[in-house]
$ cat upload.cif   # mmCIF, C-alpha atoms
data_target
#
loop_
_atom_site.label_atom_id
_atom_site.label_comp_id
_atom_site.auth_asym_id
_atom_site.auth_seq_id
_atom_site.Cartn_x
_atom_site.Cartn_y
_atom_site.Cartn_z
CA MET A 1 -15.31 -20.51 4.02
CA PHE A 2 -18.27 -19.87 1.75
CA ASN A 3 -17.54 -18.82 -1.78
CA LYS A 4 -18.27 -15.36 -3.12
CA ASP A 5 -18.62 -15.21 -6.85
CA ILE A 6 -16.54 -12.61 -8.60
CA GLU A 7 -16.78 -11.39 -12.15
CA THR A 8 -13.64 -11.61 -14.22
CA LYS A 9 -13.30 -11.07 -17.95
CA VAL A 10 -11.38 -14.35 -18.22
CA PRO A 11 -11.00 -17.06 -15.59
CA ILE A 12 -8.37 -16.83 -12.86
CA HIS A 13 -7.03 -19.60 -10.64
CA GLU A 14 -9.59 -20.76 -8.09
CA LEU A 15 -7.24 -20.13 -5.15
CA ILE A 16 -6.84 -16.48 -6.12
CA ALA A 17 -10.54 -16.09 -6.88
CA ALA A 18 -11.68 -17.73 -3.64
CA ARG A 19 -9.62 -15.61 -1.21
CA TRP A 20 -11.58 -12.91 0.56
CA SER A 21 -11.40 -11.15 3.92
CA GLY A 22 -14.22 -12.22 6.18
CA ARG A 23 -14.85 -11.14 9.76
CA ALA A 24 -17.03 -13.90 11.22
CA TYR A 25 -14.69 -16.33 12.94
CA ASP A 26 -15.54 -19.48 14.84
CA SER A 27 -13.89 -18.95 18.23
CA GLU A 28 -14.19 -22.62 19.09
CA LYS A 29 -12.07 -23.91 16.24
CA THR A 30 -8.35 -23.59 16.82
CA LEU A 31 -5.54 -24.01 14.31
CA SER A 32 -3.14 -26.93 14.47
CA ARG A 33 0.56 -26.18 14.67
CA GLY A 34 0.93 -27.79 11.26
CA GLN A 35 -1.53 -25.30 9.80
CA ILE A 36 0.34 -22.37 11.32
CA ILE A 37 3.66 -23.66 9.98
CA SER A 38 2.09 -24.14 6.56
CA LEU A 39 1.03 -20.47 6.57
CA VAL A 40 4.49 -19.20 7.44
CA GLU A 41 6.16 -21.58 4.96
CA ALA A 42 4.02 -20.02 2.21
CA ALA A 43 5.15 -16.54 3.29
CA ARG A 44 8.74 -17.74 3.49
CA TRP A 45 8.82 -18.75 -0.18
CA ALA A 46 7.63 -15.39 -1.53
CA PRO A 47 9.97 -13.54 -3.90
CA SER A 48 11.94 -10.49 -2.77
CA CYS A 49 14.33 -7.97 -4.22
CA PHE A 50 17.91 -9.33 -4.02
CA GLY A 51 16.38 -12.28 -2.15
CA ASP A 52 16.54 -10.10 0.96
CA GLN A 53 13.34 -11.47 2.57
CA PRO A 54 12.56 -8.20 4.39
CA TRP A 55 9.44 -9.58 6.07
CA ARG A 56 9.17 -10.54 9.73
CA PHE A 57 6.02 -12.09 11.19
CA ILE A 58 5.07 -12.45 14.83
CA ILE A 59 2.57 -15.23 15.51
CA PHE A 60 0.04 -14.89 18.33
CA ASP A 61 -1.61 -18.24 18.95
CA LYS A 62 -4.26 -18.04 21.64
CA ALA A 63 -3.93 -21.79 22.28
CA THR A 64 -0.23 -21.70 23.12
CA ASN A 65 0.32 -18.16 24.42
CA GLN A 66 -2.85 -16.39 25.48
CA SER A 67 -1.11 -13.43 27.11
CA ALA A 68 0.72 -12.52 23.88
CA TRP A 69 -2.53 -12.97 21.93
CA ASP A 70 -4.31 -10.66 24.42
CA LYS A 71 -1.63 -8.02 23.98
CA ALA A 72 -1.95 -8.24 20.20
CA LEU A 73 -5.74 -7.93 20.33
CA ALA A 74 -5.36 -4.87 22.55
CA CYS A 75 -3.36 -3.13 19.80
CA LEU A 76 -6.33 -3.16 17.41
CA VAL A 77 -8.74 -0.27 16.97
CA GLU A 78 -12.11 -0.88 18.62
CA GLY A 79 -13.93 -1.56 15.38
CA ASN A 80 -11.57 -4.43 14.62
CA LYS A 81 -11.39 -5.78 18.17
CA SER A 82 -15.14 -6.37 18.10
CA TRP A 83 -14.81 -9.23 15.59
CA ALA A 84 -11.08 -10.09 15.74
CA LYS A 85 -11.62 -11.33 19.32
CA ASP A 86 -13.05 -14.55 17.85
CA ALA A 87 -9.97 -15.39 15.78
CA PRO A 88 -7.77 -18.07 17.38
CA VAL A 89 -4.61 -16.72 15.76
CA LEU A 90 -3.37 -13.18 15.18
CA LEU A 91 -0.32 -12.31 13.13
CA LEU A 92 1.72 -9.16 12.76
CA ALA A 93 3.61 -8.50 9.51
CA CYS A 94 6.59 -6.13 9.73
CA ALA A 95 8.78 -4.76 6.93
CA ASP A 96 12.52 -4.16 7.12
CA SER A 97 13.57 -0.71 5.91
CA VAL A 98 17.19 -1.79 5.53
CA LEU A 99 18.82 -4.34 3.21
CA SER A 100 20.30 -7.07 5.35
CA GLN A 101 23.08 -7.71 2.84
CA ASN A 102 24.65 -4.22 2.98
CA GLY A 103 22.74 -1.97 5.41
CA ASN A 104 21.49 0.34 2.67
CA PRO A 105 17.84 1.48 2.60
CA ASN A 106 15.54 -1.16 1.10
CA ARG A 107 12.94 0.60 -0.98
CA TRP A 108 11.20 -2.74 -1.59
CA GLY A 109 10.80 -3.73 2.06
CA GLN A 110 7.08 -3.02 2.28
CA TYR A 111 6.32 -4.18 -1.26
CA ASP A 112 7.99 -7.55 -0.66
CA THR A 113 6.35 -7.94 2.74
CA GLY A 114 2.97 -7.41 1.10
CA ALA A 115 3.80 -10.29 -1.25
CA ALA A 116 4.76 -12.59 1.61
CA SER A 117 1.51 -11.77 3.40
CA LEU A 118 -0.48 -12.51 0.27
CA ASN A 119 1.18 -15.92 -0.05
CA LEU A 120 0.13 -16.54 3.54
CA CYS A 121 -3.46 -15.50 2.78
CA LEU A 122 -3.64 -17.83 -0.20
CA GLN A 123 -2.21 -20.73 1.76
CA ALA A 124 -4.92 -20.07 4.36
CA THR A 125 -7.52 -20.26 1.60
CA ALA A 126 -6.01 -23.56 0.48
CA LEU A 127 -6.41 -24.86 4.05
CA GLY A 128 -10.04 -23.73 4.28
CA LEU A 129 -9.07 -20.89 6.62
CA MET A 130 -9.84 -17.20 6.43
CA VAL A 131 -7.38 -14.34 6.87
CA HIS A 132 -8.30 -10.70 7.29
CA GLN A 133 -5.52 -8.14 7.12
CA MET A 134 -6.03 -4.96 9.11
CA GLY A 135 -4.40 -1.55 8.92
CA GLY A 136 -6.46 -0.45 11.91
CA PHE A 137 -4.06 -1.01 14.79
CA ASP A 138 -1.66 1.03 16.90
CA ALA A 139 1.69 0.43 15.20
CA ASP A 140 3.68 2.29 17.87
CA LYS A 141 2.06 0.21 20.57
CA THR A 142 3.00 -3.03 18.78
CA LYS A 143 6.60 -1.84 18.59
CA THR A 144 6.72 -1.34 22.34
CA GLU A 145 4.70 -4.41 23.31
CA PHE A 146 6.65 -6.82 21.13
CA SER A 147 10.16 -5.26 21.17
CA ILE A 148 10.18 -4.49 17.45
CA PRO A 149 13.41 -2.74 16.37
CA ASP A 150 13.07 0.74 14.87
CA GLN A 151 14.21 -0.29 11.41
CA PHE A 152 11.09 -2.44 11.03
CA THR A 153 7.64 -1.04 10.20
CA PRO A 154 4.55 -2.88 11.45
CA MET A 155 2.38 -3.09 8.33
CA ALA A 156 -0.62 -5.28 9.07
CA MET A 157 -2.25 -7.25 11.83
CA MET A 158 -4.11 -10.29 10.61
CA THR A 159 -6.76 -12.57 11.96
CA VAL A 160 -6.67 -16.26 11.03
CA GLY A 161 -9.23 -18.93 11.74
CA TYR A 162 -12.22 -20.84 10.49
CA GLN A 163 -15.28 -19.03 9.29
CA LEU A 164 -18.33 -19.30 11.48
CA ALA A 165 -21.16 -21.44 10.11
CA GLU A 166 -23.48 -19.25 8.07
CA THR A 167 -26.43 -19.86 10.41
CA ALA A 168 -24.38 -18.72 13.39
CA ILE A 169 -23.17 -15.39 12.01
CA PRO A 170 -24.49 -12.55 14.23
CA ASP A 171 -26.83 -10.06 12.61
CA ASP A 172 -24.56 -7.09 13.20
CA ILE A 173 -21.87 -8.49 10.93
CA LYS A 174 -24.02 -10.61 8.64
CA GLU A 175 -24.72 -7.86 6.14
CA ARG A 176 -21.06 -6.93 5.82
CA GLU A 177 -20.07 -10.61 5.63
CA TYR A 178 -22.42 -11.25 2.73
CA ASN A 179 -21.60 -8.10 0.78
CA PRO A 180 -20.56 -8.87 -2.77
CA ARG A 181 -16.87 -8.31 -3.42
CA ALA A 182 -16.14 -5.26 -5.55
CA ARG A 183 -13.20 -3.83 -7.44
CA ASN A 184 -12.43 -0.92 -9.76
CA THR A 185 -12.91 -1.68 -13.45
CA LEU A 186 -9.79 -2.96 -15.19
CA ASP A 187 -9.27 0.37 -16.98
CA GLU A 188 -8.88 2.27 -13.73
CA ASN A 189 -5.80 0.39 -12.56
CA PHE A 190 -4.28 -1.23 -15.62
CA PHE A 191 -2.87 0.70 -18.55
CA GLU A 192 -1.48 -0.20 -21.96
CA GLY A 193 1.96 1.12 -22.90
CA ASN A 194 1.58 4.44 -21.07
CA TRP A 195 -0.14 5.95 -18.03
CA ASN A 196 -3.92 6.19 -18.49
CA MET A 197 -3.91 4.49 -21.90
CA PRO A 198 -6.81 2.06 -22.00
CA LEU A 199 -6.01 -1.61 -21.70
CA ILE A 200 -6.57 -3.68 -24.84
CA THR A 201 -8.97 -6.37 -23.68
CA GLU A 202 -9.83 -8.08 -26.97
CA ALA A 203 -7.40 -9.94 -29.22
CA MET B 5 8.42 -23.96 -16.56
CA PHE B 6 10.43 -26.72 -14.96
CA ASN B 7 9.83 -27.43 -11.33
CA LYS B 8 12.37 -26.66 -8.63
CA ASP B 9 11.91 -28.68 -5.51
CA ILE B 10 11.77 -26.73 -2.29
CA GLU B 11 12.00 -27.99 1.25
CA THR B 12 9.16 -27.07 3.56
CA LYS B 13 8.46 -28.41 7.02
CA VAL B 14 4.86 -29.08 6.02
CA PRO B 15 3.35 -29.03 2.52
CA ILE B 16 2.20 -25.78 0.92
CA HIS B 17 -0.12 -25.32 -2.04
CA GLU B 18 1.48 -26.38 -5.31
CA LEU B 19 0.85 -23.01 -6.95
CA ILE B 20 2.79 -21.19 -4.21
CA ALA B 21 5.52 -23.82 -4.19
CA ALA B 22 5.95 -23.87 -7.96
CA ARG B 23 6.40 -20.11 -8.50
CA TRP B 24 9.98 -19.01 -9.05
CA SER B 25 11.73 -16.24 -10.95
CA GLY B 26 13.54 -17.59 -13.99
CA ARG B 27 15.47 -15.62 -16.57
CA ALA B 28 15.52 -17.86 -19.65
CA TYR B 29 12.59 -16.78 -21.81
CA ASP B 30 11.51 -18.16 -25.16
CA SER B 31 11.42 -15.06 -27.38
CA GLU B 32 9.37 -16.86 -30.02
CA LYS B 33 6.39 -17.59 -27.80
CA THR B 34 4.05 -14.67 -27.33
CA LEU B 35 1.21 -14.28 -24.85
CA SER B 36 -2.40 -14.23 -25.93
CA ARG B 37 -4.52 -11.25 -24.93
CA GLY B 38 -6.58 -13.61 -22.81
CA GLN B 39 -3.49 -14.59 -20.87
CA ILE B 40 -2.55 -10.97 -20.26
CA ILE B 41 -6.07 -10.15 -19.07
CA SER B 42 -5.99 -13.18 -16.80
CA LEU B 43 -2.80 -11.84 -15.18
CA VAL B 44 -4.24 -8.40 -14.53
CA GLU B 45 -7.55 -9.84 -13.29
CA ALA B 46 -5.57 -11.77 -10.67
CA ALA B 47 -3.84 -8.55 -9.58
CA ARG B 48 -7.16 -6.72 -9.58
CA TRP B 49 -8.67 -9.09 -6.99
CA ALA B 50 -5.88 -8.69 -4.43
CA PRO B 51 -6.83 -7.29 -1.01
CA SER B 52 -5.97 -3.73 -0.01
CA CYS B 53 -6.32 -1.45 2.97
CA PHE B 54 -9.75 0.26 2.89
CA GLY B 55 -10.21 -1.45 -0.47
CA ASP B 56 -8.23 1.42 -1.95
CA GLN B 57 -6.50 -0.66 -4.67
CA PRO B 58 -3.38 1.54 -4.73
CA TRP B 59 -1.68 -0.44 -7.51
CA ARG B 60 -1.35 0.65 -11.11
CA PHE B 61 0.18 -1.55 -13.77
CA ILE B 62 1.40 -0.57 -17.21
CA ILE B 63 1.50 -3.43 -19.72
CA PHE B 64 4.14 -3.51 -22.46
CA ASP B 65 3.21 -6.16 -25.00
CA LYS B 66 5.83 -6.45 -27.73
CA ALA B 67 3.25 -8.00 -30.07
CA THR B 68 0.84 -5.07 -29.94
CA ASN B 69 3.08 -2.09 -29.15
CA GLN B 70 6.75 -2.68 -29.82
CA SER B 71 7.82 0.93 -29.33
CA ALA B 72 6.43 1.04 -25.80
CA TRP B 73 8.03 -2.35 -25.07
CA ASP B 74 11.36 -1.01 -26.39
CA LYS B 75 11.11 2.03 -24.13
CA ALA B 76 10.38 -0.19 -21.12
CA LEU B 77 13.32 -2.48 -21.88
CA ALA B 78 15.57 0.59 -22.14
CA CYS B 79 14.70 1.50 -18.53
CA LEU B 80 16.30 -1.69 -17.18
CA VAL B 81 19.86 -1.89 -15.87
CA GLU B 82 22.21 -3.65 -18.29
CA GLY B 83 22.37 -6.87 -16.29
CA ASN B 84 18.62 -7.26 -16.58
CA LYS B 85 18.35 -6.12 -20.21
CA SER B 86 20.64 -8.98 -21.23
CA TRP B 87 17.97 -11.61 -20.50
CA ALA B 88 14.75 -9.54 -20.26
CA LYS B 89 15.07 -8.78 -23.99
CA ASP B 90 13.65 -12.26 -24.69
CA ALA B 91 10.44 -11.71 -22.71
CA PRO B 92 7.42 -10.95 -24.92
CA VAL B 93 5.71 -8.90 -22.22
CA LEU B 94 7.05 -6.40 -19.68
CA LEU B 95 4.99 -4.91 -16.88
CA LEU B 96 5.55 -2.00 -14.56
CA ALA B 97 3.94 -2.00 -11.10
CA CYS B 98 3.42 1.40 -9.45
CA ALA B 99 2.17 2.21 -5.95
CA ASP B 100 -0.07 5.13 -5.01
CA SER B 101 1.21 7.13 -2.04
CA VAL B 102 -2.20 8.75 -1.49
CA LEU B 103 -5.53 7.26 -0.46
CA SER B 104 -7.97 7.80 -3.31
CA GLN B 105 -10.90 8.03 -0.92
CA ASN B 106 -9.68 11.07 1.05
CA GLY B 107 -6.31 12.29 -0.28
CA ASN B 108 -4.45 11.35 2.91
CA PRO B 109 -1.10 9.52 2.74
CA ASN B 110 -1.54 5.80 2.19
CA ARG B 111 1.07 4.00 4.25
CA TRP B 112 -0.04 0.66 2.72
CA GLY B 113 0.37 1.69 -0.92
CA GLN B 114 3.55 -0.28 -1.54
CA TYR B 115 2.56 -3.20 0.67
CA ASP B 116 -0.74 -3.66 -1.15
CA THR B 117 0.91 -3.26 -4.55
CA GLY B 118 3.32 -6.04 -3.65
CA ALA B 119 0.32 -8.26 -2.93
CA ALA B 120 -1.28 -7.46 -6.28
CA SER B 121 1.97 -8.28 -8.07
CA LEU B 122 2.23 -11.58 -6.24
CA ASN B 123 -1.28 -12.53 -7.32
CA LEU B 124 -0.18 -11.77 -10.87
CA CYS B 125 2.92 -13.96 -10.48
CA LEU B 126 0.87 -16.86 -9.17
CA GLN B 127 -1.66 -16.55 -11.97
CA ALA B 128 1.26 -16.68 -14.41
CA THR B 129 2.43 -19.89 -12.73
CA ALA B 130 -1.10 -21.28 -13.14
CA LEU B 131 -0.91 -20.49 -16.87
CA GLY B 132 2.49 -22.15 -17.27
CA LEU B 133 4.18 -18.76 -17.60
CA MET B 134 7.14 -17.32 -15.75
CA VAL B 135 7.37 -13.87 -14.16
CA HIS B 136 10.54 -12.26 -12.88
CA GLN B 137 10.20 -9.07 -10.86
CA MET B 138 13.10 -6.63 -11.05
CA GLY B 139 14.17 -3.77 -8.85
CA GLY B 140 17.01 -3.01 -11.24
CA PHE B 141 15.54 -0.29 -13.43
CA ASP B 142 15.62 3.48 -13.65
CA ALA B 143 12.46 4.53 -11.81
CA ASP B 144 12.84 8.22 -12.68
CA LYS B 145 13.20 7.33 -16.33
CA THR B 146 10.00 5.26 -16.27
CA LYS B 147 8.16 8.22 -14.74
CA THR B 148 9.22 10.46 -17.60
CA GLU B 149 8.83 7.90 -20.39
CA PHE B 150 5.36 6.76 -19.35
CA SER B 151 3.90 9.97 -17.85
CA ILE B 152 3.60 8.56 -14.32
CA PRO B 153 2.21 11.14 -11.85
CA ASP B 154 4.44 12.11 -8.93
CA GLN B 155 2.20 10.55 -6.31
CA PHE B 156 2.93 7.10 -7.73
CA THR B 157 6.16 5.17 -7.08
CA PRO B 158 7.40 2.72 -9.71
CA MET B 159 8.16 -0.41 -7.67
CA ALA B 160 9.02 -3.24 -10.03
CA MET B 161 9.47 -4.05 -13.68
CA MET B 162 8.51 -7.59 -14.57
CA THR B 163 9.19 -9.93 -17.41
CA VAL B 164 6.48 -12.37 -18.45
CA GLY B 165 6.70 -15.21 -20.94
CA TYR B 166 7.30 -18.88 -21.48
CA GLN B 167 10.44 -20.50 -20.22
CA LEU B 168 12.92 -21.58 -22.83
CA ALA B 169 13.24 -25.34 -23.37
CA GLU B 170 15.94 -26.68 -21.05
CA THR B 171 18.13 -27.81 -23.95
CA ALA B 172 18.05 -24.31 -25.44
CA ILE B 173 19.10 -22.35 -22.36
CA PRO B 174 22.40 -20.56 -23.08
CA ASP B 175 25.41 -21.55 -20.99
CA ASP B 176 25.87 -18.09 -19.49
CA ILE B 177 22.52 -18.22 -17.72
CA LYS B 178 22.17 -21.97 -17.32
CA GLU B 179 23.96 -22.15 -13.98
CA ARG B 180 21.88 -19.36 -12.49
CA GLU B 181 18.68 -20.84 -13.94
CA TYR B 182 19.33 -24.22 -12.32
CA ASN B 183 20.42 -22.89 -8.96
CA PRO B 184 18.40 -24.40 -6.14
CA ARG B 185 15.99 -21.96 -4.53
CA ALA B 186 17.01 -20.86 -1.06
CA ARG B 187 15.45 -19.04 1.87
CA ASN B 188 16.33 -18.10 5.45
CA THR B 189 15.38 -20.68 8.04
CA LEU B 190 11.92 -20.20 9.53
CA ASP B 191 13.38 -18.90 12.81
CA GLU B 192 15.07 -15.98 11.12
CA ASN B 193 11.86 -14.37 9.85
CA PHE B 194 9.03 -15.80 11.94
CA PHE B 195 8.68 -15.25 15.66
CA GLU B 196 6.37 -16.54 18.37
CA GLY B 197 4.58 -13.99 20.55
CA ASN B 198 7.45 -11.49 20.60
CA TRP B 199 10.33 -10.28 18.45
CA ASN B 200 13.09 -12.89 18.14
CA MET B 201 11.23 -15.53 20.14
CA PRO B 202 11.69 -18.86 18.38
CA LEU B 203 8.73 -20.21 16.48
CA ILE B 204 7.10 -23.30 17.96
CA THR B 205 7.27 -25.80 15.12
CA GLU B 206 6.05 -28.97 16.83
CA ALA B 207 2.61 -29.51 18.29
#
$ encode --input "upload.cif" --output "structure tokens"
Amino acid sequence: MFNKDIETKVPIHELIAARWSGRAYDSEKTLSRGQIISLVEAARWAPSCFGDQPWRFIIFDKATNQSAWDKALACLVEGNKSWAKDAPVLLLACADSVLSQNGNPNRWGQYDTGAASLNLCLQATALGLMVHQMGGFDADKTKTEFSIPDQFTPMAMMTVGYQLAETAIPDDIKEREYNPRARNTLDENFFEGNWNMPLITEA
Amino acid sequence: MFNKDIETKVPIHELIAARWSGRAYDSEKTLSRGQIISLVEAARWAPSCFGDQPWRFIIFDKATNQSAWDKALACLVEGNKSWAKDAPVLLLACADSVLSQNGNPNRWGQYDTGAASLNLCLQATALGLMVHQMGGFDADKTKTEFSIPDQFTPMAMMTVGYQLAETAIPDDIKEREYNPRARNTLDENFFEGNWNMPLITEA
């Protein structure tokens, strides 16, 4: 995956800085089983409230189960299908709404699942792979297609694979693929001591 | 922070493997402003649905604003206060329930905030710091104390600081601090192609 420079006020770890969500996948490069297991191991070791591990992931590996992968691709909105079709692996992250230890509502189910997914994304970066999480999919359809119990909420579909060589990236996604990464300024999302109080950035 | 060995079927990146949530903080070691900014920069560069960045963090740095830090500590449940009192920095992560771009509900607000928090935890690990996220706090009280708008949900309070030297860890938390880390088996949370279908772990 090519590196996109980001501006930070102080350095951050290269793994965190290097992760970004591309769309240009090389459809000819598959993932090994070891790589897939490495991704889910990273998700597995995320933290969670009460250690409840509310995340569930369904893996769709085109190489081992093309029909399941086809069904997963068909759940995406058209705009995502157009590029996700080149990813050798799709993943669906689901969040438990109930604490497994006592059956009470788990208000951290989605928050903790987001953390597990991020661990997975960073592990992909470490392996030279690219993950793109998508909200644009038919969640109800995934529940039916993959027998997901009602207490679980499908949160994100993800593509995983190798990035296409830069010279091979089609024109229609090249511009988007090369866009600089952007974020709000620190002051918009991070406060000091109270809501909306500006962050102290100098010692 | 001392290292806790974890068992994984295949290796995962050392940063992801090394992160764990300790409780024994060294109250005499403060964080530099650069370290705090590094933590929030890591959170800032997390991915989010539509790039909406639904997370908001409030920083409570005892060294620069003790009264705000005191108020944050007072929002914790007693069991957490007992050890969190030694952490030089507390943080509150809040999730937007509304998409900033169009005012519609954001069903990924908590999921994306969990990802931002995890980036922050991993950056702390990279800096030799320890973060412990807590669900055990009075969310309504934090909303009042820190003027948090209704559309935001306080998700987690976090402690940040240096781990206490092993020889200095008090007996009453030593056992918990040295507990081996544990997770469900892979099969319990990760499925292959359909809900509850066992993950293929060998090539």
$ closest_residue --input "upload.cif" --among "B:Ala143, B:Leu19, B:Ile152, B:Leu133" --to "Gly165 (chain B)" --atoms "all atoms listed in the file"
B:Leu133
$ atom_distance --input "upload.cif" --atom1 "CA of Ser71 (chain B)" --atom2 "CA of Ser25 (chain B)"
25.5 Å
$ resolve_selection --input "upload.cif" --expression "the PyMOL selection byres ((chain B) within 7 of (chain A))" --output "ChimeraX atom specification"
/B:12,14-17,20,37-38,41-42,45-46,49,53,59-64,72,114-119,122-123,127,130,139,150-152,187,193-199,205-207
$ residues_around --input "upload.cif" --residues "Asn106 (chain A)" --least-positions-apart "4" --cutoff "7 Å" --atoms "only C-alpha atoms" --output "list in words"
Ser97, Val98 and Leu99 of chain A
$ resolve_selection --input "upload.cif" --expression "the PyMOL selection byres ((chain A and resi 23) around 9)" --output "list in words"
Ser21, Gly22, Ala24, Tyr25, Asn80, Trp83, Ala84, Asp86, Ala87, Met130, Val131, His132, Thr159, Gln163, Ile173, Arg176 and Glu177 of chain A
$ atom_distance --input "upload.cif" --atom1 "CA of Ala168 (chain A)" --atom2 "CA of Met1 (chain A)"
13.2 Å
$ atom_distance --input "upload.cif" --atom1 "CA of Leu80 (chain B)" --atom2 "CA of Thr157 (chain B)"
15.9 Å
$ residues_around --input "upload.cif" --residues "Ala78 (chain B)" --least-positions-apart "5" --cutoff "9 Å" --atoms "only C-alpha atoms" --output "ChimeraX atom specification"
/B:73,85,141-142
$ axis_aligned_box --input "upload.cif" --around "region 160-177 of chain B" --padding-each-side "6 Å" --output "lines of an AutoDock Vina configuration file"
center_x = 16.2
center_y = -15.5
center_z = -17.7
size_x = 31.4
size_y = 36.6
size_z = 27.4
$ decode --input "upload.cif" --residues "region 88-133 of chain A" --atoms "C-alpha atoms" --output "PDB file, in the first residue's frame"
ATOM      1  CA  PRO A  88     -10.483 -11.215  -2.335  1.00  0.00           C
ATOM      2  CA  VAL A  89     -11.912 -11.113   1.187  1.00  0.00           C
ATOM      3  CA  LEU A  90     -14.995  -9.434   2.625  1.00  0.00           C
ATOM      4  CA  LEU A  91     -15.787  -9.262   6.318  1.00  0.00           C
ATOM      5  CA  LEU A  92     -18.909  -8.361   8.239  1.00  0.00           C
ATOM      6  CA  ALA A  93     -18.606  -6.920  11.762  1.00  0.00           C
ATOM      7  CA  CYS A  94     -21.642  -7.336  14.033  1.00  0.00           C
ATOM      8  CA  ALA A  95     -22.231  -5.943  17.525  1.00  0.00           C
ATOM      9  CA  ASP A  96     -24.029  -7.718  20.354  1.00  0.00           C
ATOM     10  CA  SER A  97     -26.702  -5.586  22.033  1.00  0.00           C
ATOM     11  CA  VAL A  98     -26.803  -7.872  25.072  1.00  0.00           C
ATOM     12  CA  LEU A  99     -24.166  -8.660  27.707  1.00  0.00           C
ATOM     13  CA  SER A 100     -23.343 -12.339  27.451  1.00  0.00           C
ATOM     14  CA  GLN A 101     -22.591 -12.559  31.168  1.00  0.00           C
ATOM     15  CA  ASN A 102     -26.062 -11.546  32.411  1.00  0.00           C
ATOM     16  CA  GLY A 103     -28.405 -10.844  29.484  1.00  0.00           C
ATOM     17  CA  ASN A 104     -28.689  -7.143  30.276  1.00  0.00           C
ATOM     18  CA  PRO A 105     -28.420  -4.527  27.505  1.00  0.00           C
ATOM     19  CA  ASN A 106     -24.805  -3.810  26.555  1.00  0.00           C
ATOM     20  CA  ARG A 107     -24.484  -0.120  25.867  1.00  0.00           C
ATOM     21  CA  TRP A 108     -20.863  -0.651  24.780  1.00  0.00           C
ATOM     22  CA  GLY A 109     -21.554  -3.325  22.169  1.00  0.00           C
ATOM     23  CA  GLN A 110     -21.041  -1.093  19.142  1.00  0.00           C
ATOM     24  CA  TYR A 111     -18.228   0.932  20.719  1.00  0.00           C
ATOM     25  CA  ASP A 112     -16.248  -2.209  21.545  1.00  0.00           C
ATOM     26  CA  THR A 113     -16.915  -3.727  18.131  1.00  0.00           C
ATOM     27  CA  GLY A 114     -15.517  -0.586  16.529  1.00  0.00           C
ATOM     28  CA  ALA A 115     -12.341  -1.120  18.548  1.00  0.00           C
ATOM     29  CA  ALA A 116     -12.023  -4.737  17.448  1.00  0.00           C
ATOM     30  CA  SER A 117     -12.459  -3.701  13.818  1.00  0.00           C
ATOM     31  CA  LEU A 118      -9.780  -1.051  14.185  1.00  0.00           C
ATOM     32  CA  ASN A 119      -7.346  -3.616  15.577  1.00  0.00           C
ATOM     33  CA  LEU A 120      -8.102  -5.702  12.503  1.00  0.00           C
ATOM     34  CA  CYS A 121      -7.458  -2.733  10.199  1.00  0.00           C
ATOM     35  CA  LEU A 122      -4.121  -2.009  11.840  1.00  0.00           C
ATOM     36  CA  GLN A 123      -3.057  -5.636  11.644  1.00  0.00           C
ATOM     37  CA  ALA A 124      -3.890  -5.499   7.938  1.00  0.00           C
ATOM     38  CA  THR A 125      -1.650  -2.454   7.607  1.00  0.00           C
ATOM     39  CA  ALA A 126       1.113  -4.369   9.382  1.00  0.00           C
ATOM     40  CA  LEU A 127       0.718  -7.160   6.809  1.00  0.00           C
ATOM     41  CA  GLY A 128       0.849  -4.753   3.866  1.00  0.00           C
ATOM     42  CA  LEU A 129      -2.877  -5.198   3.258  1.00  0.00           C
ATOM     43  CA  MET A 130      -5.611  -2.623   2.885  1.00  0.00           C
ATOM     44  CA  VAL A 131      -8.992  -2.623   4.626  1.00  0.00           C
ATOM     45  CA  HIS A 132     -11.906  -0.385   3.754  1.00  0.00           C
ATOM     46  CA  GLN A 133     -14.866  -0.332   6.116  1.00  0.00           C
TER      47      GLN A 133
END
